[in-house]
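Asks: Sharing work_27.cif here; it has mmCIF, C-alpha atoms.
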data_work
#
loop_
_atom_site.label_atom_id
_atom_site.label_comp_id
_atom_site.auth_asym_id
_atom_site.auth_seq_id
_atom_site.Cartn_x
_atom_site.Cartn_y
_atom_site.Cartn_z
CA MET B 216 -32.83 62.68 64.53
CA SER B 217 -29.23 61.83 63.58
CA VAL B 218 -26.57 60.31 65.80
CA LEU B 219 -24.86 62.93 67.98
CA PHE B 220 -22.22 60.78 69.69
CA ARG B 221 -20.61 57.47 68.86
CA GLN B 222 -20.35 56.30 72.45
CA LEU B 223 -22.02 57.50 75.62
CA THR B 224 -20.36 56.21 78.78
CA ILE B 225 -22.55 56.59 81.85
CA CYS B 226 -20.70 56.54 85.17
CA GLY B 227 -23.38 55.42 87.59
CA VAL B 228 -26.30 53.73 85.84
CA GLY B 229 -29.13 54.74 88.14
CA LEU B 230 -32.42 56.57 87.92
CA ILE B 231 -31.13 59.59 85.98
CA GLY B 232 -28.35 58.05 83.89
CA GLY B 233 -30.35 54.94 83.14
CA SER B 234 -33.47 56.88 82.18
CA LEU B 235 -31.50 59.08 79.81
CA ALA B 236 -29.92 56.00 78.25
CA LEU B 237 -33.36 54.55 77.53
CA ASP B 238 -34.44 57.78 75.87
CA VAL B 239 -31.35 58.29 73.71
CA ARG B 240 -31.43 54.65 72.64
CA ARG B 241 -35.07 54.94 71.59
CA ARG B 242 -34.28 58.05 69.55
CA GLY B 243 -31.04 56.75 68.05
CA LEU B 244 -28.95 59.67 69.33
CA VAL B 245 -25.91 57.54 70.21
CA GLU B 246 -24.48 54.42 68.61
CA ARG B 247 -23.34 52.63 71.76
CA ILE B 248 -23.95 53.00 75.50
CA VAL B 249 -21.39 51.80 78.04
CA GLY B 250 -22.17 51.60 81.74
CA PHE B 251 -19.40 52.10 84.28
CA GLY B 252 -20.22 51.24 87.87
CA ARG B 253 -19.14 50.05 91.28
CA THR B 254 -21.15 46.82 91.40
CA GLN B 255 -21.61 44.12 88.81
CA ALA B 256 -25.10 43.42 90.12
CA ASN B 257 -26.38 46.85 89.08
CA LEU B 258 -24.65 46.63 85.70
CA ASP B 259 -26.27 43.24 85.15
CA ILE B 260 -29.70 44.77 85.74
CA ALA B 261 -28.88 47.52 83.24
CA LEU B 262 -27.77 44.93 80.68
CA ARG B 263 -30.89 42.79 81.14
CA ARG B 264 -33.11 45.84 80.72
CA GLY B 265 -31.31 46.93 77.56
CA ILE B 266 -30.22 50.21 79.13
CA ILE B 267 -26.56 49.68 78.18
CA ASP B 268 -24.70 47.64 75.58
CA ILE B 269 -21.62 47.00 77.71
CA GLY B 270 -21.09 47.08 81.46
CA THR B 271 -17.69 47.41 83.10
CA LEU B 272 -16.08 48.01 86.47
CA ASP B 273 -12.87 49.16 84.74
CA PRO B 274 -12.52 52.93 84.19
CA VAL B 275 -10.00 52.40 81.39
CA GLU B 276 -12.38 50.20 79.43
CA ALA B 277 -15.22 52.63 80.10
CA ALA B 278 -13.18 55.57 78.80
CA ARG B 279 -12.01 54.08 75.49
CA ASP B 280 -13.85 55.60 72.50
CA ALA B 281 -16.24 57.57 74.74
CA ASP B 282 -16.86 60.87 73.00
CA LEU B 283 -19.50 61.67 75.64
CA VAL B 284 -18.99 60.84 79.31
CA MET B 285 -21.81 61.40 81.78
CA LEU B 286 -20.97 61.51 85.49
CA ALA B 287 -24.01 60.28 87.41
CA THR B 288 -22.46 59.05 90.66
CA PRO B 289 -22.71 60.90 93.99
CA VAL B 290 -21.20 64.34 93.40
CA MET B 291 -18.06 63.99 95.49
CA ASN B 292 -17.06 60.93 93.46
CA PHE B 293 -16.92 62.98 90.24
CA PRO B 294 -13.27 64.12 90.47
CA ALA B 295 -11.85 60.66 91.23
CA THR B 296 -13.98 59.10 88.50
CA LEU B 297 -12.84 61.59 85.88
CA LYS B 298 -9.19 61.34 86.98
CA ALA B 299 -9.32 57.57 86.47
CA MET B 300 -10.70 57.98 82.94
CA VAL B 301 -9.36 61.20 81.45
CA THR B 302 -6.04 59.85 80.13
CA TYR B 303 -7.86 57.20 78.12
CA LEU B 304 -10.62 59.37 76.67
CA PRO B 305 -10.57 60.62 73.07
CA PRO B 306 -8.77 64.01 72.93
CA ASN B 307 -11.95 65.91 72.06
CA ALA B 308 -14.32 64.08 74.41
CA VAL B 309 -17.25 65.92 75.98
CA VAL B 310 -17.74 65.47 79.72
CA THR B 311 -21.09 66.21 81.29
CA ASP B 312 -22.78 65.45 84.58
CA VAL B 313 -26.21 65.26 86.18
CA GLY B 314 -25.33 66.47 89.66
CA SER B 315 -27.52 68.66 91.83
CA VAL B 316 -24.64 71.05 92.57
CA LYS B 317 -22.85 73.01 89.88
CA ALA B 318 -20.25 75.59 91.02
CA TRP B 319 -18.25 73.03 93.00
CA VAL B 320 -18.43 70.56 90.12
CA VAL B 321 -17.15 73.12 87.61
CA ASP B 322 -14.28 74.12 89.91
CA GLN B 323 -13.27 70.51 90.50
CA LEU B 324 -13.65 69.06 87.02
CA GLU B 325 -12.55 71.70 84.54
CA PRO B 326 -8.87 71.61 85.63
CA LEU B 327 -8.83 67.85 85.00
CA LEU B 328 -9.84 68.08 81.34
CA GLY B 329 -7.48 67.59 78.42
CA PRO B 330 -6.81 70.71 76.34
CA ALA B 331 -9.37 69.88 73.62
CA MET B 332 -12.08 68.51 75.92
CA SER B 333 -15.31 70.28 76.85
CA PHE B 334 -17.40 70.24 79.99
CA VAL B 335 -21.15 70.89 80.04
CA GLY B 336 -22.79 70.92 83.45
CA VAL B 337 -26.38 69.67 83.57
CA HIS B 338 -28.95 69.12 86.29
CA PRO B 339 -32.14 67.24 85.36
CA VAL B 340 -34.67 68.24 88.02
CA ALA B 341 -36.40 64.88 87.96
CA GLY B 342 -34.99 63.06 90.97
CA ARG B 343 -36.94 60.57 93.03
CA GLU B 344 -36.17 58.58 96.14
CA LEU B 345 -35.46 55.46 94.05
CA ALA B 346 -31.99 54.43 92.94
CA GLY B 347 -30.15 51.97 90.70
CA ALA B 348 -30.74 50.68 87.19
CA ALA B 349 -34.01 49.08 88.26
CA ALA B 350 -35.46 52.58 88.83
CA ALA B 351 -34.73 53.86 85.29
CA GLU B 352 -37.75 54.67 83.16
CA GLU B 353 -38.43 56.05 79.71
CA ARG B 354 -39.92 59.52 79.41
CA LEU B 355 -38.84 60.45 82.94
CA PHE B 356 -37.78 63.90 81.75
CA GLU B 357 -40.86 64.90 79.74
CA ASN B 358 -41.97 68.39 80.79
CA ARG B 359 -39.33 68.46 83.54
CA TRP B 360 -36.75 71.19 83.97
CA VAL B 361 -33.23 70.36 82.84
CA ILE B 362 -30.85 73.13 83.85
CA VAL B 363 -27.68 73.57 81.81
CA THR B 364 -24.89 75.63 83.39
CA PRO B 365 -22.35 76.74 80.76
CA SER B 366 -18.85 77.51 82.02
CA LYS B 367 -15.44 78.41 80.59
CA ARG B 368 -14.87 74.94 79.12
CA SER B 369 -18.33 74.62 77.54
CA GLU B 370 -17.45 74.80 73.85
CA PRO B 371 -20.42 75.94 71.72
CA GLU B 372 -20.65 72.74 69.66
CA ALA B 373 -20.53 70.53 72.76
CA LEU B 374 -23.08 72.72 74.53
CA ASN B 375 -25.44 72.54 71.55
CA LYS B 376 -25.16 68.76 71.23
CA VAL B 377 -25.75 68.14 74.94
CA GLU B 378 -28.77 70.46 74.96
CA THR B 379 -30.10 68.73 71.84
CA ILE B 380 -30.02 65.38 73.64
CA TRP B 381 -31.96 66.75 76.58
CA ARG B 382 -34.52 68.55 74.44
CA ALA B 383 -35.10 65.28 72.59
CA THR B 384 -36.26 63.73 75.87
CA GLY B 385 -39.09 66.27 76.06
CA ALA B 386 -37.42 68.24 78.83
CA ARG B 387 -37.64 72.01 79.29
CA VAL B 388 -34.03 73.16 78.98
CA GLU B 389 -32.98 76.32 80.83
CA ARG B 390 -29.51 77.87 80.98
CA MET B 391 -28.20 79.33 84.24
CA ALA B 392 -24.91 80.40 85.72
CA PRO B 393 -23.61 77.69 88.10
CA ALA B 394 -23.84 79.88 91.20
CA VAL B 395 -27.39 80.96 90.37
CA HIS B 396 -28.37 77.32 89.92
CA ASP B 397 -26.91 76.43 93.30
CA ALA B 398 -28.74 79.21 95.12
CA ILE B 399 -32.08 78.31 93.54
CA LEU B 400 -31.75 74.57 94.07
CA ALA B 401 -30.63 75.04 97.65
CA ARG B 402 -34.08 76.47 98.27
CA ALA B 403 -36.21 74.41 95.86
CA SER B 404 -34.58 70.98 96.22
CA HIS B 405 -31.91 70.67 98.89
CA LEU B 406 -33.90 72.41 101.65
CA PRO B 407 -36.99 70.18 101.12
CA GLN B 408 -34.75 67.12 101.43
CA ILE B 409 -33.36 68.31 104.76
CA VAL B 410 -36.84 69.19 106.01
CA ALA B 411 -38.15 65.73 105.09
CA SER B 412 -35.14 63.97 106.58
CA ALA B 413 -35.22 66.09 109.73
CA LEU B 414 -38.89 65.24 110.29
CA ALA B 415 -38.26 61.54 109.68
CA THR B 416 -35.26 61.63 112.01
CA ALA B 417 -37.22 63.41 114.75
CA LEU B 418 -39.98 60.79 114.63
CA ALA B 419 -37.73 57.78 114.12
CA ASP B 420 -37.91 56.65 117.76
CA GLU B 421 -40.63 58.92 119.10
CA SER B 422 -42.90 56.93 121.40
CA VAL B 423 -45.93 58.19 123.30
CA GLY B 424 -47.69 55.98 125.83
CA GLY B 425 -45.91 52.94 124.47
CA TYR B 426 -47.00 53.64 120.88
CA TRP B 427 -44.66 54.55 118.03
CA ALA B 428 -46.13 57.91 117.03
CA ALA B 429 -45.18 57.70 113.36
CA GLY B 430 -47.01 54.40 113.04
CA PHE B 431 -50.29 56.32 113.20
CA GLY B 432 -49.37 58.80 110.50
CA ALA B 433 -51.47 58.94 107.35
CA GLY B 434 -50.93 60.46 103.91
CA GLY B 435 -49.55 63.73 105.22
CA LEU B 436 -46.66 62.07 107.03
CA ARG B 437 -45.97 59.70 104.16
CA ASP B 438 -46.01 62.51 101.58
CA THR B 439 -43.86 64.82 103.67
CA THR B 440 -41.21 62.19 104.43
CA ARG B 441 -41.21 60.40 101.05
CA ILE B 442 -37.87 61.79 99.93
CA ALA B 443 -36.29 60.89 103.26
CA ALA B 444 -35.89 57.44 101.65
CA SER B 445 -33.32 58.91 99.22
CA SER B 446 -29.64 57.94 99.16
CA PRO B 447 -27.80 59.25 102.25
CA GLU B 448 -24.52 59.26 100.30
CA MET B 449 -25.95 61.42 97.55
CA TRP B 450 -27.45 63.97 99.92
CA ARG B 451 -24.41 64.06 102.18
CA ASP B 452 -22.35 65.09 99.14
CA ILE B 453 -24.87 67.73 98.07
CA CYS B 454 -24.86 69.32 101.54
CA LEU B 455 -21.08 69.40 101.67
CA THR B 456 -20.60 70.83 98.17
CA ASN B 457 -23.39 73.43 98.26
CA ARG B 458 -22.87 74.43 101.86
CA ASP B 459 -22.98 78.24 101.61
CA ALA B 460 -26.19 78.38 99.58
CA LEU B 461 -27.80 75.74 101.76
CA VAL B 462 -26.93 77.63 104.96
CA GLN B 463 -28.84 80.60 103.53
CA ALA B 464 -31.80 78.40 102.66
CA LEU B 465 -31.82 76.88 106.15
CA ALA B 466 -31.83 80.36 107.67
CA LEU B 467 -34.86 81.26 105.54
CA TYR B 468 -36.69 78.14 106.68
CA ARG B 469 -35.68 78.65 110.32
CA ASP B 470 -37.19 82.14 110.27
CA TRP B 471 -40.56 80.95 108.98
CA PHE B 472 -40.58 77.88 111.25
CA ALA B 473 -39.95 80.21 114.19
CA ARG B 474 -42.98 82.27 113.18
CA PHE B 475 -45.13 79.16 113.34
CA GLU B 476 -43.65 78.29 116.72
CA ARG B 477 -44.36 81.74 118.12
CA ALA B 478 -47.92 81.72 116.79
CA VAL B 479 -48.65 78.29 118.27
CA THR B 480 -47.08 79.21 121.61
CA ALA B 481 -49.06 82.43 121.79
CA GLY B 482 -52.30 80.86 120.57
CA ASP B 483 -52.40 83.57 117.89
CA SER B 484 -55.21 82.48 115.56
CA HIS B 485 -54.76 85.37 113.13
CA ALA B 486 -51.04 84.71 112.69
CA LEU B 487 -51.67 81.00 112.23
CA SER B 488 -54.34 81.63 109.61
CA ASP B 489 -52.04 83.98 107.72
CA LEU B 490 -49.15 81.51 107.79
CA PHE B 491 -51.24 78.58 106.63
CA GLU B 492 -52.80 80.70 103.89
CA ARG B 493 -49.37 81.83 102.67
CA GLY B 494 -48.32 78.19 102.46
CA ARG B 495 -51.51 77.18 100.67
CA GLN B 496 -51.09 79.88 98.05
CA MET B 497 -47.51 78.81 97.35
CA ARG B 498 -48.61 75.18 96.96
CA ARG B 499 -51.29 76.20 94.48
CA ARG B 500 -48.66 77.91 92.34
CA ILE B 501 -46.65 74.70 91.89
CA ALA B 502 -49.54 72.21 91.77
#
Could I get this file's structure written as structure tokens?

Replies:
Amino acid sequence: MSVLFRQLTICGVGLIGGSLALDVRRRGLVERIVGFGRTQANLDIALRRGIIDIGTLDPVEAARDADLVMLATPVMNFPATLKAMVTYLPPNAVVTDVGSVKAWVVDQLEPLLGPAMSFVGVHPVAGRELAGAAAAEERLFENRWVIVTPSKRSEPEALNKVETIWRATGARVERMAPAVHDAILARASHLPQIVASALATALADESVGGYWAAGFGAGGLRDTTRIAASSPEMWRDICLTNRDALVQALALYRDWFARFERAVTAGDSHALSDLFERGRQMRRRIA
């Protein structure tokens, strides 16, 4: 496959940005990869692993010659990051992102673009609880959903080139409107994070008879709370920027949790069986 961009600048070389860099390097889709970050230590890891060619803490240096900029920091840092770079980008640069929220990102970033620039919103649904350049891995996106959310500033050529990069990773690319994406991911991704974190928070200091209750948990507790180890900064930003959709998702969960509570309180074996069976059938569909 031929080169699509001369320089990819990744703002936030972590699990997602770093993994994409490894894939595009292996396939020769970009000529040079620049990492822009907040800490030299993480950039040094990315350099040692061959994820990036150049690492910098300077947004001006990161912006120069970047015909593709990927924002991969926590979502609420996107506007400030782009503001610091946009004056120094090539006039026809393409800006993309890998955030878990889309409507807010489009609203915040599109007004910052130069007149000839394009924006292509992207969400690779391949997150894990790990972070930083050390977590990056090749082939992370194979057979994973990558949702592309075209908007007013998504020029056709830019959209095609960005989608081509993601398809080259082996991902399943799906287009959605930003608001539709946010409503779906509030239920399929953001709600599970809150459920896991709420459970971990509830049990954080729970002691019974002098024993820490969570210390006796087995695979079920570990599996259910695994993503509670994710970045608090990242998830704080997602909750704040996808608030309306997430409130709806929380209401949905609250309703079904209340049904479990009523069935347990009443000792209703039939209701409990039905609820557990409904959950089991859903799990089978995604297994």

Asks: Could you tell me how far atom CA of B:Lys317 sits from atom CA of B:Arg390, in Å to one decimal place?

Replies: 12.1 Å

Asks: Which residues match the PyMOL selection byres ((chain B and resi 229) around 9) in the file above, as a PyMOL selection string?

Replies: chain B and resi 227-228+230-234+257+261+287-288+345-351

Asks: For the file shown, what are the residues hit by the PyMOL selection byres ((chain B and resi 335) around 7), laid out as number ranges by chain?

Replies: B: 310-311, 333-334, 336-337, 364-365, 369, 374

Asks: Return as a PyMOL selection string the set of residues that the PyMOL selection byres ((chain B and resi 385) around 7) yields on the displayed structure.

Replies: chain B and resi 356-358+382-384+386-387

Asks: Can you pull out every residue within 12 Å of B:Arg241, counting only C-alpha atoms, but drop anything in the same chain fewer than 4 positions away, and send it as a count of residues only?

Replies: 19

Asks: Here is a test: counting only C-alpha atoms, which residue of B:Thr456, B:Ser488, B:Asp282, B:Leu418 is nearest to B:Gln323?

Replies: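 Between B:Thr456, B:Ser488, B:Asp282, B:Leu418, the residue approaching B:Gln323 most closely is B:Thr456.
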
Asks: Quick one: residues within 9 Å of B:Leu324, all atoms listed in the file counted, chain neighbours fewer than 6 positions away excluded, as an MDAnalysis selection string?

Replies: chainID B and resid 293:294 297:298 334

Asks: Taking all atoms listed in the file into account, name the residue in B:Ile399, B:Ile409, B:Cys454, B:Met300 that is nearest to B:Leu327.

Replies: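 Among the listed residues, B:Met300 lies closest to B:Leu327.
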
Asks: At most 10 Å from (-14.8, 53.0, 89.2), file frame, all atoms listed in the file: which residues, as a VMD selection string?

Replies: chain B and resid 226 to 227 251 to 254 271 to 275 277 288 292 295 to 297 299 to 300
